[in-house]
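What follows is the content of work_23.tsv, which has TSV, C-alpha atoms:
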chain	number	residue	atom	x	y	z
E	1	MET	CA	46.13	9.21	53.65
E	2	GLU	CA	48.46	7.77	51.04
E	3	GLN	CA	46.28	4.66	50.73
E	4	THR	CA	43.19	6.85	50.15
E	5	GLN	CA	44.97	8.82	47.43
E	6	ALA	CA	46.26	5.65	45.81
E	7	ARG	CA	42.77	4.13	45.85
E	8	SER	CA	41.21	7.25	44.31
E	9	GLY	CA	43.92	7.28	41.65
E	10	SER	CA	43.27	3.64	40.79
E	11	ASP	CA	39.50	4.32	40.58
E	12	LYS	CA	40.12	7.17	38.13
E	13	GLU	CA	42.42	4.97	36.05
E	14	SER	CA	39.85	2.15	35.97
E	15	SER	CA	37.06	4.53	34.93
E	16	VAL	CA	39.01	5.68	31.88
E	17	PRO	CA	39.02	2.24	30.19
E	18	ARG	CA	35.32	1.86	30.96
E	19	LEU	CA	34.53	5.15	29.23
E	20	ALA	CA	36.75	4.15	26.33
E	21	ASN	CA	34.92	0.81	26.02
E	22	TRP	CA	31.52	2.50	26.00
E	23	ALA	CA	32.76	4.98	23.40
E	24	VAL	CA	33.93	2.10	21.18
E	25	ILE	CA	30.59	0.34	21.63
E	26	GLY	CA	28.71	3.54	20.72
E	27	ILE	CA	30.81	4.06	17.59
E	28	PHE	CA	30.29	0.41	16.62
E	29	LEU	CA	26.50	0.70	16.99
E	30	ILE	CA	26.39	3.86	14.90
E	31	LEU	CA	28.46	2.27	12.13
E	32	ALA	CA	26.41	-0.95	12.33
E	33	PHE	CA	23.10	0.88	11.90
E	34	ALA	CA	24.56	2.89	9.03
E	35	ALA	CA	25.75	-0.31	7.34
E	36	ILE	CA	22.36	-2.00	7.85
E	37	ALA	CA	20.55	0.99	6.35
E	38	GLU	CA	22.99	1.28	3.44
E	39	GLY	CA	22.93	-2.41	2.57
E	40	ARG	CA	19.17	-2.80	2.76
E	41	ASP	CA	18.81	-4.04	-0.82
E	42	PHE	CA	20.96	-7.08	0.01
E	43	LEU	CA	20.30	-7.55	3.72
E	44	MET	CA	16.48	-7.46	3.52
E	45	PRO	CA	16.06	-10.53	1.27
E	46	ALA	CA	18.94	-12.32	3.03
E	47	THR	CA	17.34	-11.77	6.44
E	48	MET	CA	13.95	-12.94	5.17
E	49	ALA	CA	15.55	-16.08	3.75
E	50	VAL	CA	17.31	-16.88	7.04
E	51	LEU	CA	14.10	-16.40	9.06
E	52	LEU	CA	12.12	-18.58	6.64
E	53	PHE	CA	14.88	-21.20	6.77
E	54	PHE	CA	14.48	-21.56	10.53
E	55	VAL	CA	10.69	-21.69	10.13
E	56	PHE	CA	10.70	-24.47	7.51
E	57	THR	CA	13.61	-26.54	8.86
E	58	PRO	CA	11.32	-28.72	11.06
E	59	LEU	CA	9.19	-29.45	7.99
E	60	ARG	CA	12.33	-30.36	6.03
E	61	ARG	CA	13.44	-32.74	8.81
E	62	LEU	CA	10.01	-34.39	8.83
E	63	ALA	CA	10.16	-34.90	5.07
E	64	GLU	CA	13.70	-36.25	5.36
E	65	ARG	CA	12.57	-38.85	7.90
E	66	ARG	CA	9.89	-39.88	5.40
E	67	GLY	CA	12.58	-40.49	2.77
E	68	LEU	CA	12.16	-37.35	0.68
E	69	PRO	CA	15.38	-35.69	-0.53
E	70	ASN	CA	16.15	-32.22	0.78
E	71	ALA	CA	16.29	-30.72	-2.71
E	72	LEU	CA	12.75	-31.88	-3.46
E	73	THR	CA	11.48	-30.47	-0.15
E	74	ALA	CA	13.25	-27.16	-0.81
E	75	ALA	CA	11.71	-26.94	-4.28
E	76	ALA	CA	8.23	-27.68	-2.91
E	77	ILE	CA	8.55	-25.04	-0.17
E	78	THR	CA	9.88	-22.29	-2.44
E	79	LEU	CA	7.29	-23.01	-5.12
E	80	SER	CA	4.53	-22.97	-2.51
E	81	ILE	CA	5.69	-19.58	-1.25
E	82	LEU	CA	5.90	-18.24	-4.80
E	83	LEU	CA	2.42	-19.58	-5.59
E	84	SER	CA	0.99	-18.05	-2.41
E	85	VAL	CA	2.48	-14.66	-3.23
E	86	GLY	CA	1.15	-14.93	-6.78
E	87	VAL	CA	-2.36	-15.81	-5.61
E	88	ILE	CA	-2.43	-12.89	-3.15
E	89	ALA	CA	-1.11	-10.50	-5.81
E	90	TYR	CA	-3.66	-11.73	-8.35
E	91	ALA	CA	-6.54	-11.39	-5.89
E	92	ALA	CA	-5.51	-7.84	-5.03
E	93	SER	CA	-4.60	-6.75	-8.56
E	94	GLY	CA	-8.20	-6.32	-9.77
E	95	PRO	CA	-9.50	-4.04	-7.01
E	96	LEU	CA	-6.16	-2.22	-6.90
E	97	SER	CA	-6.17	-1.47	-10.62
E	98	GLN	CA	-9.75	-0.22	-10.39
E	99	ALA	CA	-8.80	2.07	-7.51
E	100	MET	CA	-5.81	3.39	-9.49
E	101	SER	CA	-7.98	4.10	-12.54
E	102	ARG	CA	-10.51	5.98	-10.39
E	103	MET	CA	-7.87	8.06	-8.66
E	104	PRO	CA	-9.00	11.39	-10.25
E	105	VAL	CA	-12.60	10.71	-9.24
E	106	ILE	CA	-11.48	9.77	-5.74
E	107	SER	CA	-9.49	12.97	-5.46
E	108	TYR	CA	-12.50	15.02	-6.54
E	109	GLN	CA	-14.76	13.25	-4.06
E	110	LEU	CA	-12.29	13.88	-1.27
E	111	ASN	CA	-12.23	17.55	-2.12
E	112	GLN	CA	-16.01	17.63	-2.04
E	113	LYS	CA	-16.11	15.87	1.32
E	114	PHE	CA	-13.67	18.25	2.93
E	115	ASP	CA	-15.09	21.46	1.47
E	116	SER	CA	-16.78	22.35	4.73
E	117	LEU	CA	-13.58	21.78	6.66
E	118	SER	CA	-11.66	23.87	4.15
E	119	GLU	CA	-14.11	26.73	4.56
E	120	GLY	CA	-13.54	26.64	8.31
E	121	LEU	CA	-9.79	26.90	7.74
E	122	SER	CA	-10.01	29.61	5.10
E	123	GLY	CA	-8.99	32.31	7.57
E	124	LEU	CA	-5.90	30.34	8.58
E	125	ARG	CA	-4.95	29.78	4.96
E	126	GLU	CA	-5.32	33.49	4.21
E	127	ALA	CA	-3.06	34.37	7.12
E	128	ALA	CA	-0.45	31.88	5.90
E	129	ARG	CA	-0.63	33.36	2.40
E	130	ARG	CA	-0.06	36.86	3.75
E	131	ILE	CA	2.96	35.67	5.73
E	132	ASP	CA	4.41	34.12	2.58
E	133	ASP	CA	3.81	37.34	0.64
E	134	ALA	CA	5.49	39.36	3.37
E	135	GLN	CA	8.55	37.10	3.25
E	136	THR	CA	8.88	37.39	-0.52
E	137	VAL	CA	12.05	39.36	-1.37
E	138	GLU	CA	11.63	41.87	-4.20
E	139	PRO	CA	14.49	41.85	-6.72
E	140	GLU	CA	16.89	44.76	-6.77
E	141	PRO	CA	16.80	47.16	-9.75
E	142	GLY	CA	18.49	45.49	-12.68
E	143	GLU	CA	18.40	42.04	-11.00
E	144	THR	CA	16.67	39.18	-12.74
E	145	PRO	CA	13.66	38.09	-10.73
E	146	ALA	CA	13.74	34.54	-9.42
E	147	ILE	CA	11.82	32.04	-11.43
E	148	ARG	CA	9.83	29.53	-9.44
E	149	VAL	CA	9.88	26.15	-11.09
E	150	GLU	CA	7.29	23.66	-10.00
E	151	GLN	CA	7.98	20.10	-10.94
E	152	GLU	CA	5.12	17.81	-11.48
E	153	GLY	CA	5.34	14.92	-9.07
E	154	GLU	CA	5.41	11.34	-10.22
E	155	THR	CA	2.23	9.41	-10.35
E	156	THR	CA	1.68	6.50	-8.01
E	157	LEU	CA	1.59	4.09	-10.95
E	158	GLY	CA	4.95	5.38	-12.19
E	159	THR	CA	6.51	4.93	-8.75
E	160	VAL	CA	5.17	1.37	-8.54
E	161	MET	CA	6.50	0.56	-12.02
E	162	LYS	CA	9.96	1.83	-11.06
E	163	MET	CA	10.01	-0.21	-7.86
E	164	ALA	CA	8.66	-3.40	-9.46
E	165	PRO	CA	12.00	-4.72	-10.85
E	166	LEU	CA	13.74	-4.18	-7.49
E	167	LEU	CA	10.94	-5.88	-5.56
E	168	LEU	CA	10.83	-8.79	-8.00
E	169	GLY	CA	14.60	-9.19	-7.79
E	170	GLN	CA	14.52	-9.23	-4.00
E	171	VAL	CA	11.72	-11.82	-3.94
E	172	LEU	CA	13.63	-14.06	-6.34
E	173	PHE	CA	16.84	-13.63	-4.34
E	174	THR	CA	15.01	-14.59	-1.15
E	175	LEU	CA	13.48	-17.70	-2.69
E	176	ILE	CA	16.71	-18.84	-4.36
E	177	LEU	CA	18.72	-18.39	-1.16
E	178	LEU	CA	15.99	-20.17	0.81
E	179	PHE	CA	16.08	-23.06	-1.67
E	180	PHE	CA	19.83	-23.57	-1.28
E	181	MET	CA	19.69	-23.27	2.51
E	182	ILE	CA	16.92	-25.87	2.83
E	183	ALA	CA	18.49	-28.15	0.22
E	184	SER	CA	21.76	-28.13	2.19
E	185	GLY	CA	20.06	-29.90	5.10
E	186	ASP	CA	21.70	-29.49	8.49
E	187	MET	CA	24.93	-28.09	7.06
E	188	LEU	CA	24.38	-24.61	8.55
E	189	HIS	CA	23.60	-26.07	11.98
E	190	LEU	CA	26.60	-28.37	11.87
E	191	LYS	CA	29.02	-25.64	10.84
E	192	ILE	CA	27.81	-23.41	13.66
E	193	VAL	CA	28.14	-26.24	16.18
E	194	GLN	CA	31.60	-27.19	14.89
E	195	SER	CA	32.80	-23.61	15.37
E	196	PHE	CA	32.83	-24.21	19.16
E	197	ASP	CA	35.57	-26.17	20.91
E	198	ARG	CA	34.04	-27.50	24.12
E	199	MET	CA	31.27	-30.09	24.15
E	200	ARG	CA	29.28	-27.96	26.58
E	201	GLU	CA	29.41	-25.02	24.16
E	202	LYS	CA	28.47	-27.27	21.25
E	203	ARG	CA	25.39	-28.52	23.09
E	204	GLY	CA	24.44	-24.98	24.07
E	205	ALA	CA	24.71	-23.79	20.45
E	206	TYR	CA	22.67	-26.74	19.25
E	207	LEU	CA	19.93	-26.10	21.81
E	208	ALA	CA	19.86	-22.42	20.85
E	209	LEU	CA	19.43	-23.26	17.17
E	210	ARG	CA	16.65	-25.73	17.86
E	211	LYS	CA	14.94	-23.25	20.16
E	212	ILE	CA	15.07	-20.58	17.44
E	213	GLU	CA	13.39	-23.03	15.06
E	214	ASP	CA	10.64	-23.85	17.54
E	215	SER	CA	10.07	-20.24	18.59
E	216	LEU	CA	9.95	-18.80	15.07
E	217	GLY	CA	7.83	-21.67	13.81
E	218	ASN	CA	5.33	-21.36	16.65
E	219	TYR	CA	5.18	-17.57	16.46
E	220	LEU	CA	4.96	-17.12	12.70
E	221	GLY	CA	2.69	-20.14	12.29
E	222	ALA	CA	0.22	-18.88	14.90
E	223	ILE	CA	0.39	-15.30	13.64
E	224	THR	CA	-0.17	-16.38	10.02
E	225	VAL	CA	-3.27	-18.39	10.91
E	226	ILE	CA	-4.60	-15.54	13.08
E	227	ASN	CA	-3.91	-12.99	10.34
E	228	ALA	CA	-5.72	-15.16	7.79
E	229	GLY	CA	-8.74	-15.31	10.07
E	230	LEU	CA	-8.59	-11.56	10.62
E	231	GLY	CA	-8.34	-10.93	6.88
E	232	LEU	CA	-11.39	-13.11	6.29
E	233	ALA	CA	-13.34	-11.35	9.03
E	234	VAL	CA	-12.40	-7.88	7.77
E	235	GLY	CA	-13.24	-8.82	4.18
E	236	LEU	CA	-16.67	-10.11	5.22
E	237	ALA	CA	-17.30	-7.01	7.34
E	238	MET	CA	-16.40	-4.69	4.47
E	239	TRP	CA	-18.63	-6.71	2.14
E	240	ALA	CA	-21.49	-6.46	4.64
E	241	TRP	CA	-21.05	-2.68	4.79
E	242	GLY	CA	-21.15	-2.51	0.99
E	243	MET	CA	-17.58	-1.28	0.71
E	244	PRO	CA	-15.88	-1.58	-2.71
E	245	GLY	CA	-12.95	-3.98	-2.96
E	246	ALA	CA	-13.78	-6.14	0.03
E	247	ILE	CA	-11.17	-8.69	-1.11
E	248	LEU	CA	-8.53	-5.97	-1.14
E	249	PHE	CA	-9.44	-5.00	2.40
E	250	GLY	CA	-9.11	-8.62	3.51
E	251	VAL	CA	-5.71	-9.05	1.87
E	252	GLY	CA	-4.58	-5.72	3.29
E	253	ALA	CA	-5.66	-6.69	6.80
E	254	PHE	CA	-3.79	-10.01	6.47
E	255	ILE	CA	-0.55	-8.27	5.46
E	256	LEU	CA	-0.81	-5.21	7.71
E	257	ASN	CA	-1.41	-7.29	10.81
E	258	TYR	CA	2.16	-8.59	10.62
E	259	ILE	CA	3.13	-5.04	11.69
E	260	PRO	CA	2.33	-4.63	15.40
E	261	TYR	CA	0.26	-1.58	16.36
E	262	LEU	CA	0.97	0.49	13.23
E	263	GLY	CA	-0.66	-2.03	10.89
E	264	ALA	CA	-4.00	-1.80	12.68
E	265	ILE	CA	-3.85	2.01	12.70
E	266	VAL	CA	-3.16	2.12	8.95
E	267	GLY	CA	-6.00	-0.33	8.25
E	268	VAL	CA	-8.50	1.67	10.30
E	269	ALA	CA	-7.44	4.91	8.58
E	270	ILE	CA	-7.73	3.42	5.07
E	271	SER	CA	-11.14	1.87	5.74
E	272	GLY	CA	-12.46	5.12	7.19
E	273	LEU	CA	-11.07	7.15	4.28
E	274	VAL	CA	-12.61	4.88	1.64
E	275	ALA	CA	-15.92	4.87	3.53
E	276	LEU	CA	-15.92	8.67	3.37
E	277	LEU	CA	-15.91	8.42	-0.42
E	278	VAL	CA	-18.75	5.95	-0.84
E	279	MET	CA	-21.01	6.69	2.13
E	280	PRO	CA	-22.97	9.83	2.99
E	281	GLY	CA	-22.18	11.90	6.06
E	282	LEU	CA	-19.74	10.95	8.77
E	283	PHE	CA	-21.71	8.46	10.87
E	284	TRP	CA	-21.50	5.46	8.53
E	285	PRO	CA	-17.79	5.95	7.73
E	286	ALA	CA	-17.16	6.08	11.46
E	287	MET	CA	-19.08	2.81	11.87
E	288	VAL	CA	-16.97	1.15	9.15
E	289	ALA	CA	-13.72	2.29	10.74
E	290	GLY	CA	-15.06	1.27	14.15
E	291	SER	CA	-15.83	-2.25	12.92
E	292	TYR	CA	-12.27	-2.60	11.60
E	293	LEU	CA	-10.94	-1.30	14.92
E	294	THR	CA	-13.14	-3.72	16.86
E	295	LEU	CA	-11.92	-6.73	14.90
E	296	THR	CA	-8.25	-5.80	15.26
E	297	SER	CA	-8.72	-5.06	18.96
E	298	LEU	CA	-10.30	-8.49	19.55
E	299	GLU	CA	-7.42	-10.09	17.68
E	300	GLY	CA	-4.71	-8.15	19.49
E	301	GLN	CA	-6.13	-8.24	23.00
E	302	ILE	CA	-7.80	-11.67	23.19
E	303	ILE	CA	-7.04	-14.05	20.32
E	304	THR	CA	-3.29	-13.52	19.86
E	305	PRO	CA	-2.41	-13.59	23.59
E	306	TYR	CA	-4.45	-16.80	23.93
E	307	PHE	CA	-2.87	-18.71	21.04
E	308	VAL	CA	0.67	-17.34	21.18
E	309	SER	CA	2.77	-18.86	23.93
E	310	ARG	CA	3.49	-16.60	26.88
E	311	ARG	CA	7.21	-17.22	26.52
E	312	LEU	CA	7.03	-15.61	23.04
E	313	GLN	CA	5.28	-12.46	24.25
E	314	MET	CA	7.49	-9.39	24.27
E	315	ASN	CA	7.83	-6.15	26.14
E	316	THR	CA	5.32	-3.89	24.38
E	317	VAL	CA	7.56	-0.82	24.65
E	318	VAL	CA	10.48	-2.73	23.14
E	319	VAL	CA	8.25	-4.05	20.33
E	320	PHE	CA	7.02	-0.57	19.45
E	321	LEU	CA	10.55	0.86	19.47
E	322	ALA	CA	11.82	-2.07	17.40
E	323	VAL	CA	9.06	-1.59	14.82
E	324	ALA	CA	9.85	2.13	14.60
E	325	LEU	CA	13.60	1.46	14.32
E	326	TRP	CA	13.27	-1.16	11.61
E	327	ALA	CA	10.74	1.02	9.77
E	328	TRP	CA	13.39	3.75	9.70
E	329	LEU	CA	16.01	1.28	8.49
E	330	TRP	CA	14.08	-0.92	6.04
E	331	SER	CA	10.62	0.63	5.65
E	332	VAL	CA	7.69	-1.83	5.44
E	333	ILE	CA	9.82	-4.99	5.30
E	334	GLY	CA	11.63	-3.82	8.41
E	335	MET	CA	8.35	-3.46	10.30
E	336	ILE	CA	7.34	-6.99	9.30
E	337	ILE	CA	10.56	-8.65	10.45
E	338	ALA	CA	10.94	-6.56	13.63
E	339	VAL	CA	9.16	-9.01	15.95
E	340	PRO	CA	10.74	-12.20	14.47
E	341	VAL	CA	14.17	-10.63	14.95
E	342	LEU	CA	13.24	-9.86	18.55
E	343	VAL	CA	12.19	-13.49	19.03
E	344	VAL	CA	15.60	-14.65	17.79
E	345	MET	CA	17.41	-12.16	20.03
E	346	ARG	CA	15.42	-13.29	23.04
E	347	VAL	CA	16.21	-16.95	22.40
E	348	LEU	CA	19.90	-16.13	22.04
E	349	ALA	CA	19.77	-14.13	25.28
E	350	GLU	CA	18.44	-17.20	27.07
E	351	HIS	CA	21.39	-19.32	25.92
E	352	VAL	CA	24.33	-16.89	25.81
E	353	PRO	CA	26.02	-16.44	29.21
E	354	GLY	CA	25.84	-12.85	30.41
E	355	TRP	CA	22.80	-11.95	28.29
E	356	GLU	CA	20.21	-12.98	30.87
E	357	LYS	CA	19.38	-9.40	31.86
E	358	PHE	CA	18.96	-8.41	28.23
E	359	GLY	CA	16.59	-11.34	27.68
E	360	ASN	CA	14.60	-10.36	30.76
E	361	PHE	CA	14.35	-6.82	29.36
E	362	LEU	CA	12.91	-8.16	26.09
E	363	ALA	CA	10.43	-10.42	27.87
E	364	GLY	CA	6.84	-9.53	28.63
E	365	ASP	CA	5.15	-9.48	32.02
E	366	ALA	CA	5.78	-13.13	32.88
E	367	PRO	CA	9.26	-14.71	32.95
E	368	PRO	CA	9.84	-17.53	30.46
E	369	VAL	CA	8.97	-20.99	31.73
E	370	LEU	CA	10.84	-23.97	30.29
E	371	ASP	CA	9.01	-27.17	29.55
E	372	GLU	CA	10.21	-30.38	31.22
E	373	ASP	CA	12.38	-31.68	28.38
E	374	GLU	CA	14.01	-28.33	27.76
E	375	ALA	CA	14.61	-27.72	31.46
E	376	GLU	CA	16.24	-31.12	31.82
E	377	ALA	CA	18.39	-30.55	28.75
E	378	GLU	CA	19.42	-27.11	29.99
E	379	SER	CA	20.40	-28.45	33.39
E	380	LEU	CA	22.40	-31.24	31.76
E	381	VAL	CA	24.18	-28.78	29.52
E	382	GLU	CA	25.13	-26.68	32.51
E	383	ALA	CA	26.26	-29.74	34.47
E	384	GLY	CA	28.25	-31.03	31.50
E	385	ALA	CA	27.71	-34.71	32.37
E	386	GLY	CA	25.17	-37.50	31.81
E	387	ALA	CA	23.65	-35.79	28.79
E	388	GLU	CA	23.45	-38.98	26.77
E	389	ASP	CA	20.73	-40.38	29.04
E	390	GLU	CA	18.08	-37.72	28.33
E	391	PRO	CA	15.97	-37.42	25.16
E	392	ALA	CA	16.67	-33.82	24.18
E	393	ALA	CA	20.34	-34.01	25.07
E	394	ARG	CA	20.69	-37.40	23.35
E	395	VAL	CA	19.35	-35.89	20.12
E	396	ALA	CA	21.87	-33.07	20.48
E	397	THR	CA	24.69	-35.55	21.09
E	398	GLU	CA	23.74	-37.63	18.03
E	399	ASP	CA	23.75	-34.56	15.83
E	400	LEU	CA	27.07	-33.49	17.28
E	401	VAL	CA	28.50	-36.90	16.48
E	402	ALA	CA	27.11	-36.58	12.96
E	403	ALA	CA	28.73	-33.18	12.75
E	404	GLU	CA	32.10	-34.59	13.77
E	405	THR	CA	31.86	-37.58	11.45
E	406	GLY	CA	30.45	-35.50	8.59
E	407	ASP	CA	33.90	-34.16	7.79
E	408	ALA	CA	35.06	-37.61	6.81
E	409	HIS	CA	32.43	-38.06	4.09
Is it possible to give me this structure as structure tokens?
Amino acid sequence: MEQTQARSGSDKESSVPRLANWAVIGIFLILAFAAIAEGRDFLMPATMAVLLFFVFTPLRRLAERRGLPNALTAAAITLSILLSVGVIAYAASGPLSQAMSRMPVISYQLNQKFDSLSEGLSGLREAARRIDDAQTVEPEPGETPAIRVEQEGETTLGTVMKMAPLLLGQVLFTLILLFFMIASGDMLHLKIVQSFDRMREKRGAYLALRKIEDSLGNYLGAITVINAGLGLAVGLAMWAWGMPGAILFGVGAFILNYIPYLGAIVGVAISGLVALLVMPGLFWPAMVAGSYLTLTSLEGQIITPYFVSRRLQMNTVVVFLAVALWAWLWSVIGMIIAVPVLVVMRVLAEHVPGWEKFGNFLAGDAPPVLDEDEAEAESLVEAGAGAEDEPAARVATEDLVAAETGDAH
């Protein structure tokens, strides 16, 4: 009897620290999300620079083996990114400026298109107006009646002009930080590896960093090529339908397709809305939107799963929740980086002890399969011996030696 009471008492005492730990974790997560949302102006370009650094590090290593200095490679990469952004902006500026100048005409045409729908809802609008009139409070005798002030909203052009300096500053910050990170060579990798004490931990950290490079490079490289093909296909389809601004539709499809699920929905909605303005009736606008939906469906259901490695495919529910969460935190940029951040988290979960279940939760239908070199390197890391005899582990050991000897230079 006494043993039972003592055991129940110990169970209650052990449950209290567990609850306290979960409470601390919950408070930490709330504060972390608040900090991420509050520091978006700094964290967004910094995160983009870090992701691009991992993507372009293999290219920098290749150029270094060819004898090119890291600073020259960093300058070439940043200038290429800046030139690509400039070309895309220039190609979209013409159709976009024309659409902005025709905004009053577009608004009038939309009103004309939806006149029949408005007539059908006239009874509902009248009922809503009567409810508003019934809720209006008459002023007391001698009381000054309330004055309703309606502020004229800002124009879209004015909003864009206000946001332009901030966007330009963030782009420049991203490119400058990316330049310094690439120009520094392997310094970031070496400092991370040197922060661990045991050789086994150093090798594990090195393998994780190299796996992040490979995963992000393979994912973003494949997605970029696929998105470029989709943008070309959408632009040609819109041109075949006689839609105005076919180039703008192609550029929009290229950019929106970086956002899983929501990007395709936005593209279909925009194409259908513009088709309503320039085409008679509802059949042809529906065909235009259907063609956009068909192209994105082929890309999402057939092309992307075929070209993107199965080990990089994610749990669709987790991807959708991550896109929604990052959209709430960082708006459009957050939706774009949601999947790359998930890729990094999944790679870390594969290499951090105790995170295996979390990595399995992020994974798609099939469990990740290691290739032969990686499997051998992983087994050697876990065994902690004989690593110098295998290719992948030998590369890791050489870099670790360079990291240790780098302090002397």
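The space separating atom CA of E:Val55 from atom CA of E:Gly217 comes to 4.7 Å.
The coordinates place atom CA of E:Leu256 at 23.3 Å from atom CA of E:Trp284.
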Interatomic distance, atom CA of E:Gly300 to atom CA of E:Gly86 (Å, one decimal): 27.8 Å
Residues near stretch 241-250 of chain E, anyone? I mean within 10 Å using all atoms listed in the file, not counting same-chain ones fewer than 2 positions away, as a PyMOL selection string. chain E and resi 88-89+91-96+98-99+227-239+252-256+267+270-271+274-275+277-279+284-285+287-288+291-292
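Among the candidates E:Val323, E:Ile302, E:Leu31, E:Val318, the one nearest to E:Leu262 when counting all atoms listed in the file is E:Val323.
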Could you pull stretch 176-195 of chain E out of the block above and save it with C-alpha atoms, as a CSV table (one decimal), in the first residue's frame?
chain,number,residue,atom,x,y,z
E,176,ILE,CA,25.4,42.4,-50.8
E,177,LEU,CA,25.1,39.8,-48.0
E,178,LEU,CA,25.2,37.0,-50.6
E,179,PHE,CA,28.3,38.5,-52.1
E,180,PHE,CA,30.2,38.6,-48.8
E,181,MET,CA,29.1,35.0,-47.9
E,182,ILE,CA,30.2,33.6,-51.3
E,183,ALA,CA,33.4,35.6,-51.3
E,184,SER,CA,34.3,34.2,-47.9
E,185,GLY,CA,34.5,30.7,-49.3
E,186,ASP,CA,34.1,27.9,-46.8
E,187,MET,CA,34.5,30.1,-43.8
E,188,LEU,CA,30.9,29.6,-42.7
E,189,HIS,CA,31.1,25.8,-43.0
E,190,LEU,CA,34.4,25.7,-41.2
E,191,LYS,CA,33.2,27.8,-38.3
E,192,ILE,CA,30.1,25.6,-37.9
E,193,VAL,CA,32.2,22.5,-38.0
E,194,GLN,CA,34.7,23.9,-35.5
E,195,SER,CA,31.9,24.7,-33.0
